[in-house]
Amino acid sequence: MPVRARIEWERDGVEGVDGVATRQGFDGAIFVEIKDRRCSTLGAWLQPDDVWWAGK
């Protein structure tokens, strides 16, 4: 599902980044795939308050 995620980059600070939510953990965390050259991994587990669903 397309989302907008609040990411805090090491050098660039806080930014809203488009991504795709692909999983939800038992603790409520949401895994968001991030396609950005600054992201050295496939994505990140984020707290629900840091993820906005597309269309909301």
# chains A, B, ... in the order shown; residues from 1 in each chain; ligands from 1
call {"tool": "select_by_dssp", "arguments": {"residues": "chain A", "states": "strand (DSSP E or B)", "output": "number ranges by chain"}}
result
A: 2-9, 13-24, 30-33, 43-46, 51-53
call {"tool": "write_last_selection", "arguments": {"atoms": "N, CA, C and O atoms", "output": "short mmCIF file (atom, residue, chain, number, x, y, z; two decimals), in the first residue's frame"}}
result
data_model
loop_
_atom_site.label_atom_id
_atom_site.label_comp_id
_atom_site.auth_asym_id
_atom_site.auth_seq_id
_atom_site.Cartn_x
_atom_site.Cartn_y
_atom_site.Cartn_z
N PRO A 2 0.64 2.18 -0.87
CA PRO A 2 1.44 3.41 -0.92
C PRO A 2 1.27 4.25 0.36
O PRO A 2 0.15 4.40 0.86
N VAL A 3 2.38 4.76 0.86
CA VAL A 3 2.37 5.57 2.08
C VAL A 3 3.35 6.73 1.95
O VAL A 3 4.18 6.77 1.04
N ARG A 4 3.25 7.63 2.89
CA ARG A 4 4.25 8.69 3.07
C ARG A 4 4.81 8.47 4.47
O ARG A 4 4.04 8.30 5.42
N ALA A 5 6.13 8.41 4.58
CA ALA A 5 6.76 8.09 5.85
C ALA A 5 7.64 9.24 6.33
O ALA A 5 8.30 9.91 5.54
N ARG A 6 7.65 9.44 7.63
CA ARG A 6 8.52 10.43 8.26
C ARG A 6 9.85 9.73 8.52
O ARG A 6 9.94 8.80 9.31
N ILE A 7 10.89 10.20 7.83
CA ILE A 7 12.23 9.62 7.95
C ILE A 7 13.19 10.69 8.46
O ILE A 7 13.13 11.84 8.00
N GLU A 8 14.06 10.32 9.37
CA GLU A 8 15.10 11.25 9.82
C GLU A 8 16.42 10.74 9.28
O GLU A 8 16.98 9.75 9.76
N TRP A 9 16.93 11.43 8.25
CA TRP A 9 18.19 11.07 7.63
C TRP A 9 19.35 11.56 8.49
O TRP A 9 19.24 12.57 9.19
N GLY A 13 18.33 15.47 7.88
CA GLY A 13 17.27 15.75 8.84
C GLY A 13 15.96 15.05 8.52
O GLY A 13 15.92 14.06 7.78
N VAL A 14 14.88 15.58 9.05
CA VAL A 14 13.56 14.95 8.91
C VAL A 14 12.93 15.32 7.57
O VAL A 14 13.00 16.46 7.13
N GLU A 15 12.32 14.31 6.96
CA GLU A 15 11.71 14.51 5.64
C GLU A 15 10.57 13.51 5.45
O GLU A 15 10.64 12.39 5.95
N GLY A 16 9.54 13.91 4.71
CA GLY A 16 8.48 12.99 4.31
C GLY A 16 8.91 12.30 3.02
O GLY A 16 9.29 12.97 2.06
N VAL A 17 8.87 10.97 3.01
CA VAL A 17 9.34 10.19 1.87
C VAL A 17 8.24 9.23 1.43
O VAL A 17 7.60 8.59 2.26
N ASP A 18 8.02 9.14 0.12
CA ASP A 18 7.06 8.17 -0.41
C ASP A 18 7.65 6.77 -0.32
O ASP A 18 8.84 6.56 -0.53
N GLY A 19 6.80 5.81 0.01
CA GLY A 19 7.24 4.42 0.11
C GLY A 19 6.05 3.49 -0.03
O GLY A 19 4.93 3.92 -0.35
N VAL A 20 6.31 2.21 0.23
CA VAL A 20 5.26 1.20 0.14
C VAL A 20 5.27 0.39 1.43
O VAL A 20 6.30 -0.21 1.78
N ALA A 21 4.16 0.37 2.14
CA ALA A 21 4.03 -0.44 3.35
C ALA A 21 3.80 -1.89 2.92
O ALA A 21 2.88 -2.16 2.14
N THR A 22 4.65 -2.79 3.40
CA THR A 22 4.54 -4.18 2.96
C THR A 22 4.24 -5.15 4.09
O THR A 22 3.80 -6.27 3.83
N ARG A 23 4.49 -4.74 5.34
CA ARG A 23 4.27 -5.65 6.48
C ARG A 23 3.90 -4.85 7.71
O ARG A 23 4.29 -3.70 7.85
N GLN A 24 3.20 -5.53 8.63
CA GLN A 24 2.94 -4.94 9.93
C GLN A 24 3.34 -5.96 10.98
O GLN A 24 2.98 -7.15 10.90
N ILE A 30 5.32 -0.79 11.31
CA ILE A 30 5.02 -0.97 9.88
C ILE A 30 6.32 -0.95 9.10
O ILE A 30 7.13 -0.03 9.26
N PHE A 31 6.53 -1.97 8.26
CA PHE A 31 7.72 -1.99 7.41
C PHE A 31 7.41 -1.23 6.13
O PHE A 31 6.46 -1.54 5.42
N VAL A 32 8.24 -0.22 5.84
CA VAL A 32 8.05 0.61 4.66
C VAL A 32 9.26 0.46 3.75
O VAL A 32 10.40 0.71 4.17
N GLU A 33 9.02 0.00 2.52
CA GLU A 33 10.09 -0.05 1.52
C GLU A 33 10.33 1.36 1.01
O GLU A 33 9.39 2.07 0.65
N GLY A 43 14.37 -0.98 3.38
CA GLY A 43 13.38 -0.11 4.01
C GLY A 43 13.61 -0.03 5.50
O GLY A 43 14.71 -0.30 5.97
N ALA A 44 12.55 0.29 6.24
CA ALA A 44 12.68 0.46 7.68
C ALA A 44 11.38 0.12 8.39
O ALA A 44 10.30 0.30 7.83
N TRP A 45 11.51 -0.37 9.62
CA TRP A 45 10.36 -0.56 10.49
C TRP A 45 10.08 0.78 11.17
O TRP A 45 10.97 1.35 11.80
N LEU A 46 8.87 1.26 11.03
CA LEU A 46 8.50 2.56 11.58
C LEU A 46 7.30 2.43 12.51
O LEU A 46 6.47 1.53 12.35
N VAL A 51 3.84 7.06 9.81
CA VAL A 51 3.38 6.57 8.49
C VAL A 51 1.98 7.12 8.22
O VAL A 51 1.09 7.03 9.05
N TRP A 52 1.81 7.73 7.04
CA TRP A 52 0.52 8.26 6.62
C TRP A 52 0.09 7.49 5.38
O TRP A 52 0.81 7.42 4.40
N TRP A 53 -1.09 6.93 5.42
CA TRP A 53 -1.62 6.15 4.31
C TRP A 53 -2.01 7.08 3.18
O TRP A 53 -2.53 8.16 3.40
#
call {"tool": "atom_distance", "arguments": {"atom1": "atom CA of Lys35 of chain A", "atom2": "atom CA of Pro48 of chain A"}}
result
19.4 Å
call {"tool": "atom_distance", "arguments": {"atom1": "atom CA of Asp50 of chain A", "atom2": "atom CA of Gly25 of chain A"}}
result
14.6 Å
